[in-house]
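This is upload.cif. It holds mmCIF, C-alpha atoms.
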```
data_entry
#
loop_
_atom_site.label_atom_id
_atom_site.label_comp_id
_atom_site.auth_asym_id
_atom_site.auth_seq_id
_atom_site.Cartn_x
_atom_site.Cartn_y
_atom_site.Cartn_z
CA MET C 1 0.00 0.00 0.00
CA LEU C 2 1.43 3.37 -0.99
CA TYR C 3 0.39 6.14 1.37
CA THR C 4 0.66 9.00 -1.10
CA ASN C 5 -1.75 11.53 -2.53
CA LEU C 6 -1.02 10.36 -6.05
CA GLU C 7 -3.40 8.16 -8.02
CA HIS C 8 -2.27 4.55 -7.82
CA VAL C 9 -1.91 2.07 -10.65
CA GLU C 10 -3.25 -1.10 -9.07
CA SER C 11 -3.42 -3.58 -11.93
CA GLU C 12 -1.96 -4.40 -15.32
CA ALA C 13 -5.34 -3.68 -16.92
CA GLN C 14 -5.47 -0.24 -15.32
CA PHE C 15 -1.88 0.40 -16.39
CA HIS C 16 -2.74 -0.24 -20.05
CA LYS C 17 -5.94 1.81 -19.79
CA VAL C 18 -4.04 4.79 -18.36
CA LEU C 19 -1.48 4.65 -21.17
CA GLU C 20 -4.23 4.38 -23.77
CA GLU C 21 -6.20 7.31 -22.40
CA ASN C 22 -3.36 9.72 -21.65
CA GLU C 23 -0.69 11.06 -23.98
CA ASN C 24 1.84 11.85 -21.24
CA VAL C 25 2.15 9.59 -18.22
CA MET C 26 4.74 9.46 -15.43
CA ILE C 27 4.61 6.45 -13.09
CA CYS C 28 6.83 6.03 -10.06
CA CYS C 29 7.03 2.38 -9.08
CA GLY C 30 8.38 1.89 -5.58
CA ARG C 31 7.75 1.29 -1.92
CA MET C 32 7.21 3.61 1.03
CA GLY C 33 10.99 3.74 1.40
CA PRO C 34 13.40 6.61 1.89
CA MET C 35 14.51 6.74 -1.73
CA CYS C 36 10.94 6.57 -3.06
CA VAL C 37 9.02 8.96 -0.82
CA PRO C 38 10.84 12.12 -1.98
CA VAL C 39 10.00 11.23 -5.59
CA TYR C 40 6.29 10.85 -4.81
CA ALA C 41 6.39 14.18 -2.95
CA ALA C 42 8.04 15.95 -5.88
CA MET C 43 5.44 14.46 -8.24
CA GLU C 44 2.62 15.70 -6.02
CA GLU C 45 4.04 19.22 -6.28
CA LEU C 46 4.75 19.05 -10.02
CA ARG C 47 1.26 17.77 -10.77
CA GLU C 48 -0.15 21.31 -10.59
CA GLU C 49 2.51 22.76 -12.86
CA TYR C 50 2.14 20.04 -15.50
CA PRO C 51 -1.58 19.46 -16.07
CA ASN C 52 -0.74 17.81 -19.40
CA VAL C 53 0.97 14.94 -17.58
CA LYS C 54 -0.75 12.17 -15.65
CA PHE C 55 1.25 11.53 -12.45
CA MET C 56 0.75 8.14 -10.82
CA ASP C 57 2.52 5.66 -8.58
CA MET C 58 2.53 1.87 -8.42
CA GLU C 59 3.51 -0.46 -5.62
CA PHE C 60 6.66 -2.30 -6.62
CA ASP C 61 5.77 -5.55 -4.86
CA ILE C 62 2.34 -6.27 -6.37
CA PRO C 63 2.48 -8.96 -9.06
CA ASP C 64 1.05 -6.66 -11.76
CA ALA C 65 3.99 -4.29 -11.30
CA HIS C 66 5.89 -6.66 -13.57
CA VAL C 67 4.81 -4.28 -16.35
CA ILE C 68 7.43 -1.89 -14.98
CA ARG C 69 9.79 -4.24 -13.10
CA ASN C 70 10.41 -6.28 -16.25
CA ALA C 71 10.34 -3.46 -18.79
CA PRO C 72 13.42 -3.65 -21.03
CA GLU C 73 14.18 -0.02 -20.17
CA CYS C 74 14.65 -1.12 -16.55
CA ALA C 75 17.28 -3.73 -17.31
CA GLY C 76 20.17 -3.03 -14.97
CA PHE C 77 18.05 -1.04 -12.52
CA MET C 78 18.92 -2.03 -8.96
CA GLY C 79 17.63 0.90 -6.97
CA LEU C 80 14.10 1.91 -6.09
CA PRO C 81 12.04 3.60 -7.29
CA PHE C 82 11.81 2.77 -10.99
CA THR C 83 10.35 5.90 -12.56
CA MET C 84 8.86 5.67 -16.02
CA TYR C 85 7.86 8.38 -18.47
CA TYR C 86 5.47 7.36 -21.27
CA LYS C 87 4.38 9.27 -24.36
CA ASN C 88 1.61 7.82 -26.50
CA GLY C 89 2.03 4.52 -24.70
CA LYS C 90 5.77 4.24 -25.32
CA VAL C 91 8.56 4.61 -22.77
CA VAL C 92 10.49 7.78 -23.51
CA LYS C 93 12.61 7.82 -20.34
CA ALA C 94 13.23 5.64 -17.29
CA THR C 95 15.25 6.37 -14.16
CA THR C 96 16.36 4.34 -11.17
CA SER C 97 16.76 5.41 -7.54
CA ILE C 98 16.01 8.78 -5.99
CA GLN C 99 15.58 11.89 -8.14
CA ASP C 100 14.99 15.38 -6.82
CA LYS C 101 12.34 17.80 -8.06
CA ASP C 102 14.77 19.58 -10.40
CA GLN C 103 15.92 16.35 -12.00
CA ILE C 104 12.33 15.25 -12.55
CA GLU C 105 11.34 18.63 -13.92
CA ASN C 106 14.25 18.58 -16.37
CA ILE C 107 13.04 15.22 -17.67
CA LEU C 108 9.45 16.46 -17.94
CA LYS C 109 10.66 19.43 -19.98
CA GLU C 110 12.82 17.18 -22.14
CA VAL C 111 10.27 14.49 -22.94
CA TYR C 112 6.94 16.34 -22.91
CA MET Z 1 0.98 42.94 6.67
CA ASP Z 2 3.50 42.29 3.93
CA THR Z 3 3.17 38.60 3.13
CA ASN Z 4 6.93 38.29 2.65
CA LYS Z 5 7.73 39.78 6.03
CA TYR Z 6 8.14 37.31 8.87
CA ASP Z 7 9.26 37.37 12.46
CA VAL Z 8 11.44 34.31 11.92
CA ILE Z 9 12.72 32.39 8.93
CA VAL Z 10 13.87 28.84 9.53
CA ILE Z 11 16.10 27.54 6.75
CA GLY Z 12 15.67 23.77 6.72
CA GLY Z 13 12.65 21.61 7.43
CA GLY Z 14 14.08 18.54 9.12
CA ALA Z 15 13.46 17.55 12.72
CA ALA Z 16 15.20 20.67 14.08
CA GLY Z 17 13.54 23.11 11.68
CA LEU Z 18 10.06 21.66 12.12
CA THR Z 19 10.39 21.66 15.89
CA ALA Z 20 11.47 25.30 15.83
CA GLY Z 21 8.49 26.00 13.57
CA ILE Z 22 6.11 24.36 16.05
CA TYR Z 23 7.47 26.31 19.03
CA LEU Z 24 7.68 29.66 17.22
CA SER Z 25 4.24 29.50 15.63
CA ARG Z 26 2.70 28.38 18.88
CA ALA Z 27 4.28 31.48 20.45
CA LYS Z 28 2.39 33.49 17.78
CA LEU Z 29 5.50 34.52 15.89
CA LYS Z 30 5.00 34.70 12.13
CA THR Z 31 7.26 31.91 11.00
CA LEU Z 32 8.40 30.63 7.62
CA ILE Z 33 10.21 27.35 7.05
CA LEU Z 34 12.12 27.16 3.77
CA ASN Z 35 13.25 23.73 2.68
CA GLU Z 36 15.13 22.62 -0.41
CA GLY Z 37 13.60 19.24 -1.17
CA MET Z 38 10.87 17.62 0.82
CA VAL Z 39 10.43 18.48 4.52
CA GLY Z 40 11.72 15.86 6.91
CA GLY Z 41 15.43 16.03 6.06
CA GLN Z 42 17.46 12.98 7.06
CA MET Z 43 14.51 11.85 9.17
CA ILE Z 44 12.45 11.06 6.10
CA LEU Z 45 15.19 8.74 4.87
CA THR Z 46 14.88 6.61 7.98
CA TYR Z 47 12.86 3.50 7.28
CA GLU Z 48 12.04 2.67 10.87
CA ILE Z 49 12.40 4.71 14.05
CA ALA Z 50 12.24 2.78 17.30
CA ASN Z 51 14.06 5.11 19.69
CA TYR Z 52 11.92 8.25 19.56
CA PRO Z 53 10.50 8.54 23.07
CA GLY Z 54 6.75 8.22 23.28
CA ILE Z 55 6.39 6.44 19.95
CA GLU Z 56 7.15 2.73 19.99
CA LYS Z 57 7.73 2.40 16.27
CA THR Z 58 7.16 4.65 13.29
CA SER Z 59 8.69 5.53 9.94
CA GLY Z 60 10.65 8.68 9.22
CA TYR Z 61 8.01 9.62 6.68
CA GLN Z 62 5.19 9.35 9.20
CA LEU Z 63 7.06 11.28 11.89
CA SER Z 64 7.97 14.01 9.41
CA MET Z 65 4.40 14.38 8.24
CA ILE Z 66 3.11 14.61 11.81
CA MET Z 67 5.69 17.31 12.66
CA LYS Z 68 4.79 19.23 9.50
CA LYS Z 69 1.07 19.00 10.24
CA GLN Z 70 1.71 20.10 13.82
CA ALA Z 71 3.72 23.15 12.68
CA GLU Z 72 1.10 24.12 10.11
CA SER Z 73 -1.68 23.70 12.66
CA PHE Z 74 -0.11 26.53 14.66
CA GLY Z 75 0.09 28.75 11.58
CA CYS Z 76 3.64 28.10 10.39
CA ASP Z 77 4.17 28.67 6.66
CA ILE Z 78 6.21 25.95 4.99
CA LYS Z 79 7.70 26.17 1.51
CA GLN Z 80 9.39 23.00 0.31
CA ASN Z 81 11.18 21.98 -2.88
CA ILE Z 82 12.50 25.52 -3.30
CA LYS Z 83 16.03 26.81 -3.87
CA VAL Z 84 17.56 29.26 -1.42
CA THR Z 85 19.57 31.49 -3.73
CA ASP Z 86 20.75 34.27 -1.41
CA ILE Z 87 21.11 34.79 2.33
CA GLN Z 88 21.80 38.19 3.91
CA LEU Z 89 22.31 38.06 7.66
CA ASP Z 90 24.43 41.12 8.47
CA SER Z 91 21.79 43.79 9.01
CA LYS Z 92 19.10 43.79 11.66
CA GLU Z 93 16.55 42.75 9.07
CA LYS Z 94 17.60 39.42 7.57
CA THR Z 95 16.78 38.62 3.94
CA VAL Z 96 16.51 35.24 2.27
CA THR Z 97 15.92 35.00 -1.47
CA VAL Z 98 14.23 31.97 -2.94
CA ASN Z 99 14.38 30.80 -6.55
CA GLU Z 100 16.34 33.98 -7.38
CA LYS Z 101 13.20 36.13 -7.23
CA ASP Z 102 11.15 35.85 -4.05
CA LYS Z 103 12.58 37.80 -1.11
CA TYR Z 104 11.59 37.06 2.47
CA THR Z 105 12.63 39.17 5.44
CA ALA Z 106 12.66 38.44 9.16
CA LYS Z 107 13.93 39.71 12.48
CA ALA Z 108 15.69 36.42 13.20
CA VAL Z 109 16.88 33.38 11.28
CA ILE Z 110 17.41 29.81 12.41
CA LEU Z 111 19.80 27.82 10.26
CA ALA Z 112 18.65 24.20 10.35
CA THR Z 113 20.03 23.04 7.03
CA GLY Z 114 20.82 19.52 8.24
CA GLY Z 115 23.19 17.04 6.70
CA ARG Z 116 23.36 14.45 3.96
CA SER Z 117 24.99 11.13 3.27
CA ARG Z 118 28.55 11.47 2.16
CA ASN Z 119 29.46 10.16 -1.29
CA LEU Z 120 32.82 8.66 -2.19
CA ASN Z 121 33.04 11.13 -5.12
CA VAL Z 122 35.06 8.78 -7.29
CA GLU Z 123 34.99 7.72 -10.93
CA GLY Z 124 31.78 5.94 -11.91
CA GLU Z 125 29.82 6.66 -8.71
CA GLU Z 126 27.32 9.02 -10.34
CA THR Z 127 26.93 6.79 -13.41
CA PHE Z 128 26.07 3.67 -11.44
CA LYS Z 129 23.79 5.11 -8.74
CA GLY Z 130 20.82 2.75 -8.67
CA ARG Z 131 22.68 0.45 -11.05
CA GLY Z 132 24.74 -1.41 -8.51
CA ILE Z 133 25.51 1.46 -6.15
CA SER Z 134 23.06 2.01 -3.31
CA TYR Z 135 22.84 4.05 -0.13
CA CYS Z 136 19.84 2.21 1.36
CA ALA Z 137 19.96 -1.46 2.37
CA THR Z 138 16.28 -1.54 3.32
CA CYS Z 139 15.26 -0.21 -0.10
CA ASP Z 140 17.50 -2.16 -2.40
CA GLY Z 141 18.79 -5.14 -0.41
CA ASP Z 142 16.54 -7.68 -2.13
CA PHE Z 143 17.98 -6.84 -5.56
CA TYR Z 144 21.18 -8.49 -4.35
CA THR Z 145 19.81 -11.86 -3.33
CA GLY Z 146 22.51 -14.48 -3.84
CA LYS Z 147 25.02 -11.84 -5.01
CA ASP Z 148 28.46 -10.76 -3.86
CA ILE Z 149 28.43 -7.22 -2.55
CA ILE Z 150 30.64 -4.66 -0.83
CA VAL Z 151 29.72 -2.33 2.01
CA VAL Z 152 31.93 0.74 2.31
CA GLY Z 153 32.31 2.25 5.78
CA GLY Z 154 33.19 1.45 9.36
CA GLY Z 155 30.61 3.18 11.51
CA ASN Z 156 27.43 1.83 13.08
CA SER Z 157 25.37 2.23 9.90
CA ALA Z 158 27.91 0.38 7.76
CA LEU Z 159 28.28 -2.57 10.11
CA GLU Z 160 24.60 -2.87 11.00
CA GLU Z 161 23.56 -2.65 7.35
CA ALA Z 162 26.25 -5.16 6.36
CA VAL Z 163 24.77 -7.65 8.81
CA ALA Z 164 21.25 -6.89 7.55
CA LEU Z 165 22.37 -7.40 3.95
CA THR Z 166 23.57 -10.94 4.70
CA GLN Z 167 19.87 -11.89 4.67
CA PHE Z 168 20.03 -11.42 0.91
CA ALA Z 169 23.61 -11.48 -0.31
CA LYS Z 170 25.86 -14.50 -0.75
CA THR Z 171 28.84 -12.58 0.61
CA VAL Z 172 29.37 -9.12 2.03
CA THR Z 173 32.82 -7.55 2.00
CA ILE Z 174 33.31 -4.55 4.23
CA VAL Z 175 35.83 -2.07 2.86
CA HIS Z 176 37.03 0.42 5.44
CA GLN Z 177 39.69 3.10 5.34
CA PHE Z 178 41.12 2.53 8.83
CA ASP Z 179 42.56 -0.51 10.62
CA HIS Z 180 39.76 -0.35 13.20
CA PHE Z 181 36.04 0.42 13.22
CA GLN Z 182 34.25 3.45 14.63
CA ALA Z 183 31.09 1.43 15.30
CA PHE Z 184 30.00 0.29 18.75
CA ASP Z 185 31.60 -2.97 19.96
CA GLN Z 186 28.33 -4.85 19.67
CA ALA Z 187 27.95 -3.96 15.98
CA VAL Z 188 31.58 -4.90 15.28
CA GLU Z 189 31.17 -8.21 17.07
CA GLN Z 190 27.99 -9.07 15.17
CA ALA Z 191 29.71 -8.38 11.86
CA LYS Z 192 32.83 -10.33 12.80
CA ASN Z 193 30.75 -13.31 13.91
CA ASN Z 194 28.82 -13.44 10.66
CA GLU Z 195 30.40 -16.02 8.37
CA LYS Z 196 29.12 -14.29 5.22
CA ILE Z 197 31.07 -11.13 6.06
CA ASN Z 198 34.73 -10.54 5.31
CA PHE Z 199 36.87 -7.45 5.63
CA ILE Z 200 39.27 -5.37 3.58
CA MET Z 201 40.81 -2.85 5.96
CA GLU Z 202 42.85 0.31 5.35
CA SER Z 203 41.41 0.48 1.87
CA THR Z 204 38.86 2.34 -0.18
CA ILE Z 205 37.15 2.12 -3.56
CA ASP Z 206 38.54 4.63 -6.02
CA ALA Z 207 36.60 3.65 -9.16
CA PHE Z 208 33.49 1.78 -10.29
CA PHE Z 209 33.29 -0.05 -13.60
CA GLY Z 210 30.50 -1.76 -15.50
CA ASP Z 211 28.19 -1.52 -18.49
CA GLU Z 212 24.48 -1.63 -17.68
CA LYS Z 213 25.39 -1.94 -14.00
CA VAL Z 214 28.43 -2.17 -11.79
CA ASN Z 215 30.45 -5.34 -12.24
CA LYS Z 216 33.87 -4.32 -10.95
CA VAL Z 217 35.51 -1.89 -8.54
CA ARG Z 218 39.07 -0.71 -8.08
CA ILE Z 219 40.25 -1.03 -4.51
CA LYS Z 220 43.06 1.13 -3.25
CA ASN Z 221 45.18 0.08 -0.30
CA LEU Z 222 45.66 3.29 1.64
CA LYS Z 223 48.78 2.03 3.39
CA ASP Z 224 50.92 1.38 0.32
CA ASN Z 225 48.78 3.06 -2.39
CA THR Z 226 48.60 -0.11 -4.47
CA THR Z 227 45.38 -0.80 -6.38
CA TYR Z 228 43.66 -3.89 -7.67
CA GLU Z 229 40.33 -4.69 -9.29
CA LYS Z 230 37.62 -6.83 -7.76
CA GLU Z 231 34.55 -8.23 -9.50
CA ILE Z 232 31.39 -7.41 -7.59
CA ASP Z 233 27.60 -7.30 -8.07
CA GLY Z 234 26.86 -4.28 -5.96
CA VAL Z 235 28.18 -1.72 -3.49
CA PHE Z 236 26.43 -0.08 -0.56
CA ILE Z 237 28.00 3.13 0.70
CA PHE Z 238 27.66 4.20 4.34
CA ILE Z 239 30.47 6.61 5.05
CA GLY Z 240 28.78 9.08 7.31
CA TYR Z 241 27.23 12.48 6.90
CA GLU Z 242 28.29 16.01 6.07
CA ALA Z 243 26.64 19.31 6.93
CA ASN Z 244 24.61 21.15 4.29
CA THR Z 245 26.41 24.44 4.74
CA GLU Z 246 27.89 25.24 1.31
CA LYS Z 247 25.58 28.25 0.99
CA LEU Z 248 26.65 29.53 4.40
CA LYS Z 249 30.37 29.77 3.65
CA GLY Z 250 31.54 33.32 4.23
CA ILE Z 251 28.19 34.20 5.78
CA ILE Z 252 28.48 32.49 9.13
CA GLU Z 253 31.30 30.94 11.15
CA LEU Z 254 31.88 27.30 10.26
CA ASN Z 255 34.39 24.91 11.79
CA LYS Z 256 36.92 22.92 9.74
CA TRP Z 257 34.26 20.28 8.98
CA GLY Z 258 31.89 22.91 7.64
CA GLU Z 259 29.59 22.76 10.66
CA ILE Z 260 27.96 25.89 12.09
CA VAL Z 261 29.55 27.11 15.31
CA THR Z 262 27.08 28.01 18.09
CA ASP Z 263 26.98 28.24 21.84
CA GLU Z 264 24.81 25.93 23.94
CA GLN Z 265 21.85 28.24 23.43
CA MET Z 266 22.12 27.73 19.64
CA LYS Z 267 23.33 31.30 19.12
CA THR Z 268 25.85 32.00 16.39
CA ALA Z 269 28.26 34.92 16.61
CA LYS Z 270 25.91 36.91 14.39
CA GLU Z 271 23.11 38.83 16.06
CA GLY Z 272 19.68 37.36 15.47
CA VAL Z 273 21.07 34.25 13.81
CA PHE Z 274 20.72 30.86 15.45
CA ALA Z 275 21.43 27.31 14.32
CA ALA Z 276 19.97 23.93 15.17
CA GLY Z 277 20.23 20.29 14.20
CA ASP Z 278 22.78 18.28 12.23
CA ALA Z 279 24.34 21.30 10.50
CA ARG Z 280 25.56 22.53 13.89
CA ALA Z 281 28.93 21.55 15.34
CA LYS Z 282 28.14 18.88 17.93
CA LYS Z 283 28.83 15.26 18.72
CA VAL Z 284 25.51 13.43 18.78
CA ARG Z 285 23.22 13.57 15.75
CA GLN Z 286 19.87 11.95 16.39
CA ILE Z 287 16.29 12.99 15.70
CA THR Z 288 15.89 13.53 19.43
CA THR Z 289 18.91 15.85 19.63
CA ALA Z 290 17.74 17.77 16.56
CA VAL Z 291 14.36 18.22 18.20
CA GLY Z 292 16.11 19.50 21.35
CA ASP Z 293 18.18 21.93 19.30
CA GLY Z 294 15.09 23.17 17.49
CA ALA Z 295 13.22 23.80 20.73
CA THR Z 296 16.20 25.56 22.33
CA ALA Z 297 16.78 27.76 19.29
CA ALA Z 298 13.10 28.69 19.13
CA VAL Z 299 12.99 29.68 22.80
CA GLN Z 300 16.11 31.82 22.33
CA VAL Z 301 14.59 33.47 19.26
CA ILE Z 302 11.39 34.25 21.16
CA GLU Z 303 13.48 35.93 23.84
CA TYR Z 304 15.61 37.75 21.24
CA ILE Z 305 12.57 39.15 19.46
CA GLN Z 306 10.98 40.24 22.73
CA ASN Z 307 14.13 42.15 23.64
CA ASN Z 308 14.79 43.74 20.27
#
```

Output the file's structure in the form of structure tokens.
Amino acid sequence: MLYTNLEHVESEAQFHKVLEENENVMICCGRMGPMCVPVYAAMEELREEYPNVKFMDMEFDIPDAHVIRNAPECAGFMGLPFTMYYKNGKVVKATTSIQDKDQIENILKEVY
Amino acid sequence: MDTNKYDVIVIGGGAAGLTAGIYLSRAKLKTLILNEGMVGGQMILTYEIANYPGIEKTSGYQLSMIMKKQAESFGCDIKQNIKVTDIQLDSKEKTVTVNEKDKYTAKAVILATGGRSRNLNVEGEETFKGRGISYCATCDGDFYTGKDIIVVGGGNSALEEAVALTQFAKTVTIVHQFDHFQAFDQAVEQAKNNEKINFIMESTIDAFFGDEKVNKVRIKNLKDNTTYEKEIDGVFIFIGYEANTEKLKGIIELNKWGEIVTDEQMKTAKEGVFAAGDARAKKVRQITTAVGDGATAAVQVIEYIQNN
């Protein structure tokens, strides 16, 4: 259970639906751990500044999170969270481990 | 009233800053906490807290959020994820500029900028963060199940986390720069008694190599300066903390470790400027001591404002 104020992706079906229905999607897949929480918090703040992006999180340990855990873009990732940026359903950027608000914002500017 | 004019500005929103915010706002002083990043500081990076009196067990995140809520409930303004771009402390009215455009003034300032985990700052460290280099055993330990890993450091965190990581890893090698450990005897004994743990003393890592992720490190013997390479699946770095005081250089007195110099009442040598928490020169750095610092600084500020 992720105790954040972000919308949660809770199933593979929902994951695909979100990507189908939204052009720009950022999903942070993690736990309530020290490297993950600051990313969720930054996303909560950035949500207002980027209304064209759908900001969501996903619990790393649920089985359906394999859609992110096993994504080819995450090969070699060994630090939570795995943060994915999708455009028109395709991964345009993926990062591993903690990122601060500036780093996330730079990616948002770059990919969206 | 000018919305950018405060009685007190607290720079830093960790345990010390939030505590000061609670005390000051409750004393009806108009208080602003400015925090680069998310409030909570080092506290938020603590997975489990079991030694905070009055609370049997909690997470750093939960404790941070309660402190923030408590401060806000008394009227404290909190701005997080901002950049402090200028600090002027010399005149009676102190000015702090945020994001290069928003100026805030106050009669007093509390510097509670906290600390951060120290990096090795060697070749490959930035490249392989999250790709074989980690700073959090609780977060990333299970990625290393059945793997050979290194833990760098010789303090309590390093040795305790090394022992914890043996739940997952096949072997854990502790690399430490001295010939002895700084950790408590009990932590050293636990590590030494663990058959999965071995030690490389008087050495450090001076480079990380790999492709998609780390697969090799270069170890430097600090006694004779010789180096050799060692294949490895991952490295956890726990080499202590440093004060977040880069922006205070030349503005306030710092000791040789970059920590803010204060007296026991949290006063700096500069009038109306106080400091609290991990950024301050002191020996013990715990959430409880940061909270104590924050309360002491706030009480001193209340007195200072009343008298000035």

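Selection check: the PyMOL selection byres ((chain Z) within 8 of (chain C)) on the shown file gives Gly37, Met38, Ile44, Leu45, Thr46, Tyr47, Tyr61, Asn81, Lys129, Gly130, Arg131, Gly132, Ile133, Ser134, Cys136, Thr138, Cys139, Asp140, Phe143, Glu212 and Lys213 of chain Z.
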
Can those selected residues be exported to a file as an mmCIF file, keeping the file's coordinate frame so that it contains C-alpha atoms?
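Output (out.cif):
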```
data_model
loop_
_atom_site.group_PDB
_atom_site.id
_atom_site.type_symbol
_atom_site.label_atom_id
_atom_site.label_comp_id
_atom_site.auth_asym_id
_atom_site.auth_seq_id
_atom_site.Cartn_x
_atom_site.Cartn_y
_atom_site.Cartn_z
ATOM 1 C CA GLY Z 37 13.600 19.240 -1.170
ATOM 2 C CA MET Z 38 10.870 17.620 0.820
ATOM 3 C CA ILE Z 44 12.450 11.060 6.100
ATOM 4 C CA LEU Z 45 15.190 8.740 4.870
ATOM 5 C CA THR Z 46 14.880 6.610 7.980
ATOM 6 C CA TYR Z 47 12.860 3.500 7.280
ATOM 7 C CA TYR Z 61 8.010 9.620 6.680
ATOM 8 C CA ASN Z 81 11.180 21.980 -2.880
ATOM 9 C CA LYS Z 129 23.790 5.110 -8.740
ATOM 10 C CA GLY Z 130 20.820 2.750 -8.670
ATOM 11 C CA ARG Z 131 22.680 0.450 -11.050
ATOM 12 C CA GLY Z 132 24.740 -1.410 -8.510
ATOM 13 C CA ILE Z 133 25.510 1.460 -6.150
ATOM 14 C CA SER Z 134 23.060 2.010 -3.310
ATOM 15 C CA CYS Z 136 19.840 2.210 1.360
ATOM 16 C CA THR Z 138 16.280 -1.540 3.320
ATOM 17 C CA CYS Z 139 15.260 -0.210 -0.100
ATOM 18 C CA ASP Z 140 17.500 -2.160 -2.400
ATOM 19 C CA PHE Z 143 17.980 -6.840 -5.560
ATOM 20 C CA GLU Z 212 24.480 -1.630 -17.680
ATOM 21 C CA LYS Z 213 25.390 -1.940 -14.000
#
```

Check: Pick from C:Asp57, C:Val91, C:Pro72, C:Tyr50: nearest to Glu105 of chain C, with all atoms listed in the file counted?
Finding: C:Tyr50

Applied to this file, what does the PyMOL selection byres ((chain Z and resi 184-200) around 10) return in terms of residues, put as a CSV table (one decimal) with C-alpha atoms, in the coordinates of the input?
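Below you can see out_20.csv, which holds the result:
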```csv
chain,number,residue,atom,x,y,z
Z,148,ASP,CA,28.5,-10.8,-3.9
Z,149,ILE,CA,28.4,-7.2,-2.6
Z,150,ILE,CA,30.6,-4.7,-0.8
Z,151,VAL,CA,29.7,-2.3,2.0
Z,152,VAL,CA,31.9,0.7,2.3
Z,154,GLY,CA,33.2,1.4,9.4
Z,155,GLY,CA,30.6,3.2,11.5
Z,156,ASN,CA,27.4,1.8,13.1
Z,157,SER,CA,25.4,2.2,9.9
Z,158,ALA,CA,27.9,0.4,7.8
Z,159,LEU,CA,28.3,-2.6,10.1
Z,160,GLU,CA,24.6,-2.9,11.0
Z,161,GLU,CA,23.6,-2.6,7.4
Z,162,ALA,CA,26.2,-5.2,6.4
Z,163,VAL,CA,24.8,-7.6,8.8
Z,164,ALA,CA,21.2,-6.9,7.6
Z,165,LEU,CA,22.4,-7.4,4.0
Z,166,THR,CA,23.6,-10.9,4.7
Z,167,GLN,CA,19.9,-11.9,4.7
Z,169,ALA,CA,23.6,-11.5,-0.3
Z,170,LYS,CA,25.9,-14.5,-0.8
Z,171,THR,CA,28.8,-12.6,0.6
Z,172,VAL,CA,29.4,-9.1,2.0
Z,173,THR,CA,32.8,-7.6,2.0
Z,174,ILE,CA,33.3,-4.6,4.2
Z,175,VAL,CA,35.8,-2.1,2.9
Z,176,HIS,CA,37.0,0.4,5.4
Z,177,GLN,CA,39.7,3.1,5.3
Z,178,PHE,CA,41.1,2.5,8.8
Z,179,ASP,CA,42.6,-0.5,10.6
Z,180,HIS,CA,39.8,-0.4,13.2
Z,181,PHE,CA,36.0,0.4,13.2
Z,182,GLN,CA,34.2,3.4,14.6
Z,183,ALA,CA,31.1,1.4,15.3
Z,201,MET,CA,40.8,-2.8,6.0
Z,202,GLU,CA,42.8,0.3,5.4
Z,203,SER,CA,41.4,0.5,1.9
Z,204,THR,CA,38.9,2.3,-0.2
Z,219,ILE,CA,40.2,-1.0,-4.5
Z,221,ASN,CA,45.2,0.1,-0.3
```

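Across the structure, atom CA of Lys223 of chain Z and atom CA of Ile239 of chain Z are spaced 18.9 Å apart.
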
Next item on the list: Go through the shown structure with the PyMOL selection byres ((chain Z and resi 249-266) around 10) and write out the matching residues as JSON, numbers by chain.
Entry: {"Z": [87, 88, 89, 90, 110, 111, 112, 113, 114, 115, 242, 243, 244, 245, 246, 247, 248, 267, 268, 269, 270, 273, 274, 275, 276, 277, 278, 279, 280, 281, 282, 293, 294, 295, 296, 297, 298, 299, 300, 301]}

Next item on the list: Calculate how many Å separate atom CA of Ile33 of chain Z from atom CA of Val8 of chain Z, rounding to one decimal.
Entry: 8.6 Å

Check: Z:Leu120, Z:Ala71, Z:Val10, Z:Val96: which is nearest Tyr241 of chain Z, counting all atoms listed in the file?
Finding: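 Checking each candidate against Tyr241 of chain Z, we get Z:Leu120 as the closest.
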
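Proximity of Z:Ser117, Z:Val214, Z:Glu36, Z:Tyr304 to Gln80 of chain Z, computed with only C-alpha atoms, is greatest for Z:Glu36.
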
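Straight-line separation from atom CA of Glu231 of chain Z to atom CA of Asp211 of chain Z: 12.9 Å.
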
Notebook entry, point to check: Hey, what's within 8 Å of Tyr135 of chain Z if we count all atoms listed in the file and toss same-chain stuff fewer than 6 positions away? As a list in words, please?
Noted result: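 The residues that qualify are Phe236, Ile237 and Phe238 of chain Z.
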
Check: Any idea what's packed within 8 Å of Lys79 of chain Z, counting all atoms listed in the file, ignoring anything in its chain fewer than 3 positions away? Could you give it as a list in words?
Finding: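 With the cut-off at 8 Å, the set is Leu32, Ile33, Leu34, Asn35 and Ile82 of chain Z.
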
Next item on the list: Check the smallest atom-to-atom distance from each of C:Ala71, C:Ala65, C:Ile27, C:Leu108 to Ala13 of chain C using all atoms listed in the file, then report the winner.
Entry: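 Closest to Ala13 of chain C, using all atoms listed in the file: C:Ala65.
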
Notebook entry, point to check: Taking only C-alpha atoms into account, which of C:Glu12, C:Glu23, C:Glu110, C:Glu73 comes nearest Val53 of chain C?
Noted result: C:Glu23

Next item on the list: Identify the residues within 7 Å of coordinate (1.2, 7.2, -10.6) (same frame as the file), considering all atoms listed in the file, and give the answer as an MDAnalysis selection string.
Entry: chainID C and resid 6:9 26:28 55:58

Padding of 6 Å on every side, edges along x, y and z, all listed atoms of segment 86-99 of chain Z included: what centre and edge lengths in Å, to one decimal, does that box have, as JSON?
```
{"center_x": 19.3, "center_y": 37.3, "center_z": 2.6, "size_x": 22.2, "size_y": 25.0, "size_z": 30.2}
```
